[in-house]
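Pasted below: my_file-v1.cif, mmCIF, C-alpha atoms.
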```cif
data_target
#
loop_
_atom_site.label_atom_id
_atom_site.label_comp_id
_atom_site.auth_asym_id
_atom_site.auth_seq_id
_atom_site.Cartn_x
_atom_site.Cartn_y
_atom_site.Cartn_z
CA MET A 1291 -31.50 68.04 -35.68
CA SER A 1292 -32.82 69.04 -39.07
CA GLU A 1293 -34.17 72.46 -39.88
CA PHE A 1294 -37.44 70.97 -41.08
CA THR A 1295 -40.39 68.96 -39.85
CA VAL A 1296 -43.70 67.83 -41.32
CA PRO A 1297 -45.93 70.51 -42.84
CA GLY A 1298 -48.19 72.22 -40.32
CA LEU A 1299 -45.84 71.83 -37.33
CA SER A 1300 -43.19 74.21 -36.14
CA THR A 1301 -39.70 72.75 -35.80
CA ASP A 1302 -40.05 73.15 -32.01
CA ASP A 1303 -43.31 71.18 -31.99
CA GLY A 1304 -41.78 68.57 -34.29
CA ALA A 1305 -38.86 68.19 -31.89
CA ARG A 1306 -41.22 67.90 -28.88
CA VAL A 1307 -43.25 65.17 -30.59
CA ALA A 1308 -40.07 63.39 -31.68
CA ALA A 1309 -38.82 63.37 -28.08
CA VAL A 1310 -42.04 61.70 -26.94
CA LEU A 1311 -41.74 59.20 -29.77
CA GLN A 1312 -38.13 58.43 -28.85
CA GLU A 1313 -39.37 57.20 -25.48
CA ARG A 1314 -41.93 55.00 -27.28
CA LEU A 1315 -39.21 53.71 -29.62
CA SER A 1316 -37.06 52.64 -26.70
CA ALA A 1317 -40.06 51.08 -24.94
CA TYR A 1318 -41.06 49.14 -28.08
CA ASN A 1319 -37.49 47.96 -28.67
CA ASP A 1320 -37.31 46.81 -25.06
CA LEU A 1321 -40.75 45.17 -25.28
CA HIS A 1322 -39.97 43.12 -28.38
CA LEU A 1323 -36.73 41.93 -26.80
CA THR A 1324 -38.60 41.04 -23.60
CA LEU A 1325 -41.21 39.12 -25.59
CA LYS A 1326 -38.47 37.13 -27.34
CA HIS A 1327 -36.79 36.48 -23.98
CA ILE A 1328 -40.05 35.02 -22.68
CA HIS A 1329 -40.54 33.07 -25.93
CA TRP A 1330 -37.13 31.41 -25.41
CA ASN A 1331 -37.50 30.84 -21.65
CA VAL A 1332 -41.08 29.66 -21.19
CA VAL A 1333 -41.48 26.02 -20.06
CA GLY A 1334 -44.21 23.76 -18.75
CA PRO A 1335 -47.49 22.27 -19.91
CA ASN A 1336 -48.66 25.44 -21.71
CA PHE A 1337 -45.27 26.02 -23.35
CA ILE A 1338 -46.28 25.68 -27.00
CA GLY A 1339 -49.41 27.83 -26.74
CA VAL A 1340 -47.54 30.70 -25.08
CA HIS A 1341 -44.45 30.22 -27.25
CA GLU A 1342 -46.56 30.54 -30.42
CA MET A 1343 -48.77 33.32 -29.02
CA LEU A 1344 -45.75 35.56 -28.52
CA ASP A 1345 -44.32 35.54 -32.06
CA PRO A 1346 -47.10 37.65 -33.63
CA GLN A 1347 -46.76 40.07 -30.71
CA VAL A 1348 -43.01 40.33 -31.32
CA ASP A 1349 -43.53 40.99 -35.02
CA LEU A 1350 -46.15 43.67 -34.45
CA VAL A 1351 -44.16 45.46 -31.74
CA ARG A 1352 -41.07 45.42 -33.99
CA GLY A 1353 -43.26 47.02 -36.64
CA TYR A 1354 -44.36 49.67 -34.14
CA ALA A 1355 -40.72 50.48 -33.43
CA ASP A 1356 -40.11 50.90 -37.16
CA ASP A 1357 -43.19 53.11 -37.61
CA VAL A 1358 -42.20 55.28 -34.66
CA ALA A 1359 -38.58 55.57 -35.85
CA GLU A 1360 -39.74 56.61 -39.32
CA ARG A 1361 -42.11 59.19 -37.82
CA ILE A 1362 -39.23 60.62 -35.75
CA ALA A 1363 -37.19 60.96 -38.95
CA ALA A 1364 -40.12 62.57 -40.79
CA LEU A 1365 -40.38 65.07 -37.95
CA GLY A 1366 -36.77 66.08 -38.63
CA SER A 1367 -35.09 64.27 -35.74
CA SER A 1368 -32.79 61.26 -35.57
CA PRO A 1369 -34.29 58.07 -34.12
CA LYS A 1370 -32.03 56.23 -31.71
CA GLY A 1371 -32.50 52.47 -31.82
CA THR A 1372 -29.46 51.31 -29.93
CA ALA A 1373 -29.17 49.35 -26.71
CA GLY A 1374 -27.70 52.50 -25.17
CA ALA A 1375 -30.80 54.47 -26.15
CA ILE A 1376 -33.01 51.88 -24.47
CA GLU A 1377 -30.92 52.15 -21.31
CA ALA A 1378 -30.89 55.97 -21.40
CA ASP A 1379 -34.66 56.22 -21.94
CA ARG A 1380 -35.60 53.43 -19.54
CA THR A 1381 -37.78 54.40 -16.60
CA TRP A 1382 -38.53 50.75 -15.88
CA ASP A 1383 -36.49 47.82 -14.60
CA ASP A 1384 -35.07 45.19 -16.90
CA TYR A 1385 -37.26 42.07 -17.22
CA SER A 1386 -36.39 39.91 -14.24
CA VAL A 1387 -37.79 36.41 -14.89
CA GLY A 1388 -35.57 33.72 -16.43
CA ARG A 1389 -36.55 30.17 -17.32
CA ASP A 1390 -40.00 29.64 -15.80
CA ASP A 1391 -43.45 28.23 -16.44
CA ALA A 1392 -46.02 29.88 -18.67
CA ARG A 1393 -48.20 31.36 -15.94
CA ALA A 1394 -45.21 32.88 -14.14
CA HIS A 1395 -43.99 34.56 -17.33
CA LEU A 1396 -47.47 35.71 -18.30
CA ALA A 1397 -48.10 37.24 -14.87
CA ALA A 1398 -44.81 39.15 -15.15
CA LEU A 1399 -45.62 40.10 -18.76
CA ASP A 1400 -48.98 41.48 -17.66
CA LEU A 1401 -47.12 44.00 -15.50
CA VAL A 1402 -44.82 44.84 -18.42
CA TYR A 1403 -47.84 45.51 -20.63
CA THR A 1404 -49.44 47.65 -17.93
CA GLY A 1405 -46.33 49.84 -17.85
CA VAL A 1406 -46.01 50.13 -21.63
CA ILE A 1407 -49.72 50.86 -22.10
CA THR A 1408 -49.80 53.43 -19.29
CA ASP A 1409 -46.81 55.23 -20.81
CA SER A 1410 -48.34 55.01 -24.29
CA ARG A 1411 -51.55 56.61 -23.06
CA ALA A 1412 -49.49 59.41 -21.50
CA ALA A 1413 -47.70 59.87 -24.83
CA ILE A 1414 -51.06 60.06 -26.62
CA ASP A 1415 -52.14 62.78 -24.21
CA SER A 1416 -48.94 64.78 -24.66
CA VAL A 1417 -48.95 64.79 -28.48
CA GLY A 1418 -52.69 64.94 -29.10
CA LYS A 1419 -53.11 68.69 -29.34
CA ILE A 1420 -49.81 69.18 -31.19
CA ASP A 1421 -49.87 66.42 -33.81
CA PRO A 1422 -53.04 64.42 -34.49
CA ILE A 1423 -51.19 62.22 -37.02
CA THR A 1424 -48.79 60.96 -34.36
CA GLU A 1425 -51.66 60.73 -31.88
CA ASP A 1426 -53.58 58.51 -34.32
CA MET A 1427 -50.56 56.24 -34.83
CA LEU A 1428 -50.09 55.86 -31.07
CA ILE A 1429 -53.80 55.22 -30.49
CA GLY A 1430 -53.76 52.35 -33.00
CA GLN A 1431 -50.63 50.86 -31.49
CA THR A 1432 -51.96 51.15 -27.95
CA ALA A 1433 -55.24 49.49 -28.92
CA GLN A 1434 -53.31 46.45 -30.15
CA LEU A 1435 -51.12 46.40 -27.04
CA GLU A 1436 -54.30 46.37 -24.93
CA LYS A 1437 -55.56 43.43 -27.02
CA PHE A 1438 -52.29 41.56 -26.41
CA GLN A 1439 -52.61 42.23 -22.70
CA TRP A 1440 -56.10 40.76 -22.82
CA PHE A 1441 -54.63 37.61 -24.44
CA VAL A 1442 -52.10 37.39 -21.62
CA ARG A 1443 -54.70 38.01 -18.92
CA ALA A 1444 -57.01 35.33 -20.32
CA HIS A 1445 -54.40 32.80 -19.17
CA LEU A 1446 -54.28 34.33 -15.68
CA GLU A 1447 -57.92 34.99 -14.84
CA ASN A 1448 -59.73 32.72 -12.42
CA SER A 1449 -63.42 31.85 -12.54
CA GLY A 1450 -64.20 34.75 -10.19
CA GLY A 1451 -62.69 37.27 -12.62
CA SER A 1452 -59.53 38.00 -10.63
CA LEU A 1453 -55.99 37.74 -11.91
CA VAL A 1454 -53.87 35.11 -10.15
CA HIS A 1455 -51.17 37.71 -9.46
CA GLU A 1456 -53.52 40.43 -8.24
CA GLY A 1457 -51.94 42.85 -5.79
CA THR A 1458 -48.35 42.32 -6.93
CA SER A 1459 -46.19 45.18 -8.11
CA THR A 1460 -43.03 43.45 -9.33
CA GLU A 1461 -42.44 40.93 -12.06
CA LEU A 1462 -40.81 38.47 -9.67
CA GLY A 1463 -43.69 38.91 -7.24
CA ALA A 1464 -46.27 38.36 -9.98
CA ALA A 1465 -44.41 35.28 -11.25
CA GLY A 1466 -44.16 33.84 -7.74
CA LYS A 1467 -47.83 34.37 -6.98
CA ALA A 1468 -48.83 32.85 -10.35
CA ARG A 1469 -46.75 29.75 -9.61
CA GLN A 1470 -48.66 29.27 -6.35
CA GLY A 1471 -51.94 29.11 -8.10
#
```
What do you get writing this file as structure tokens?
Amino acid sequence: MSEFTVPGLSTDDGARVAAVLQERLSAYNDLHLTLKHIHWNVVGPNFIGVHEMLDPQVDLVRGYADDVAERIAALGSSPKGTAGAIEADRTWDDYSVGRDDARAHLAALDLVYTGVITDSRAAIDSVGKIDPITEDMLIGQTAQLEKFQWFVRAHLENSGGSLVHEGTSTELGAAGKARQG
């Protein structure tokens, strides 16, 4: 670790914020890989719409990873962007749906977004009083993730306002329930 951080923060506070950001970096790296996995494995009548909807999400999430990594470096720490770092930081299961139809993947992806957004909001809370610059960056990123989740949910909502996979807690469960209708 460096002996410096951004002006206005102690090196201890910089290191604390960087640790929170490292978790976001691993989550964003995992998310953009998951989005590409879905992009390559989605099939069925809504294939092209979902396939094309995911690319802008991938690009933006990759950008978030870059922004977070650069902020970690500015704070005087070393960002870890390796597969091993994702595994070490992971508090979630690996994406579990292979080749499947659009609704199945989107139902599983909705749960992925819920996890990422929930953890991002916790990260916002933990850095907010220490570093408003990092807090602002995370707020902007989380707002866009929530918008992406809305795009996903628009494909899964029925006329009564419920999600087709309501009540499920696993990706495979959500995918299975979405396939049933």
Would you translate the PyMOL selection byres ((chain A and resi 1308) around 10) into the concrete set of residues it matches in this file, as a VMD selection string?
chain A and resid 1295 1302 to 1307 1309 to 1315 1358 to 1359 1361 to 1369 1417 1424
If you apply the PyMOL selection byres ((chain A and resi 1441-1452) around 7) to this file, what residues do you get, as a ChimeraX atom specification?
/A:1393,1396-1397,1400,1437-1440,1453-1454,1456
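CA of His1327 in chain A is positioned 15.2 Å from CA of Ala1373 in chain A.
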I'd like the box whose edges run along x, y and z of the file and which contains every listed atom of range 1353-1362 of chain A, padded by 4 Å per side; could you state its centre and edge lengths in Å, one decimal, as AutoDock Vina command-line options?
```
--center_x -41.5 --center_y 53.8 --center_z -36.4 --size_x 13.8 --size_y 21.6 --size_z 13.9
```
I want to know what sits within 8 Å of Glu1425 in chain A, based on all atoms listed in the file, with residues of the same chain fewer than 6 positions away left out; could you give that as a ChimeraX atom specification?
/A:1414-1415,1417-1418
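Using all atoms listed in the file, the nearest neighbour of Gly1371 in chain A within the list A:Thr1432, A:Asp1421, A:Ala1317, A:Val1406 is A:Ala1317.
Minimum distance to Asn1336 in chain A across A:Tyr1318, A:Thr1404, A:Ala1464, A:Asp1390 (counting all atoms listed in the file) occurs at A:Asp1390.
The smallest atom-to-atom distance between Ser1410 in chain A and any of A:Ser1316, A:Gly1298, A:Thr1372, A:Gln1470, using only C-alpha atoms, is found for A:Ser1316.
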Considering all atoms listed in the file, give me a table of residues in range 1375-1406 of chain A that are at most 10 Å from range 1458-1461 of chain A, with the closest atom pair and distance in Å for each, as a Markdown table.
```
| residue | atom | partner | partner_atom | distance |
| --- | --- | --- | --- | --- |
| A:Asp1383 | CA | A:Glu1461 | CA | 9.5 |
| A:Asp1384 | CA | A:Glu1461 | CA | 9.8 |
| A:Tyr1385 | CA | A:Glu1461 | CA | 7.4 |
| A:Ser1386 | CA | A:Glu1461 | CA | 6.5 |
| A:Val1387 | CA | A:Glu1461 | CA | 7.1 |
| A:Ala1394 | CA | A:Glu1461 | CA | 8.8 |
| A:His1395 | CA | A:Glu1461 | CA | 8.4 |
| A:Leu1396 | CA | A:Glu1461 | CA | 9.6 |
| A:Ala1397 | CA | A:Glu1461 | CA | 7.3 |
| A:Ala1398 | CA | A:Glu1461 | CA | 4.3 |
| A:Leu1399 | CA | A:Glu1461 | CA | 7.5 |
| A:Asp1400 | CA | A:Glu1461 | CA | 8.6 |
| A:Leu1401 | CA | A:Glu1461 | CA | 6.6 |
| A:Val1402 | CA | A:Glu1461 | CA | 7.8 |
```
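Counting all atoms listed in the file and comparing A:Arg1389, A:Ile1423, A:Gln1431, A:Lys1467, the residue that lies closest to Val1333 in chain A is A:Arg1389.
If you look at CA of Glu1377 in chain A and CA of Asp1320 in chain A, they are 9.1 Å away from each other.
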Neighbour list for Met1343 in chain A as a VMD selection string, cut-off 12 Å, all atoms listed in the file, skip fewer than 2 positions in-chain
chain A and resid 1325 to 1326 1328 to 1329 1332 1336 to 1341 1345 to 1350 1392 1396 1438 to 1439 1441 to 1442 1445
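Pairwise distance (CA of Val1351 in chain A, CA of Thr1381 in chain A) equals 18.7 Å.
Nearest residue to Thr1408 in chain A, choosing from A:Ile1420, A:Leu1435, A:Met1427, A:Ala1378 and counting all atoms listed in the file: A:Leu1435.
Each of A:Asp1391, A:Asp1356, A:Ser1300, A:Gly1405 was compared to Gly1334 in chain A using only C-alpha atoms, and A:Asp1391 turns out to be the nearest.
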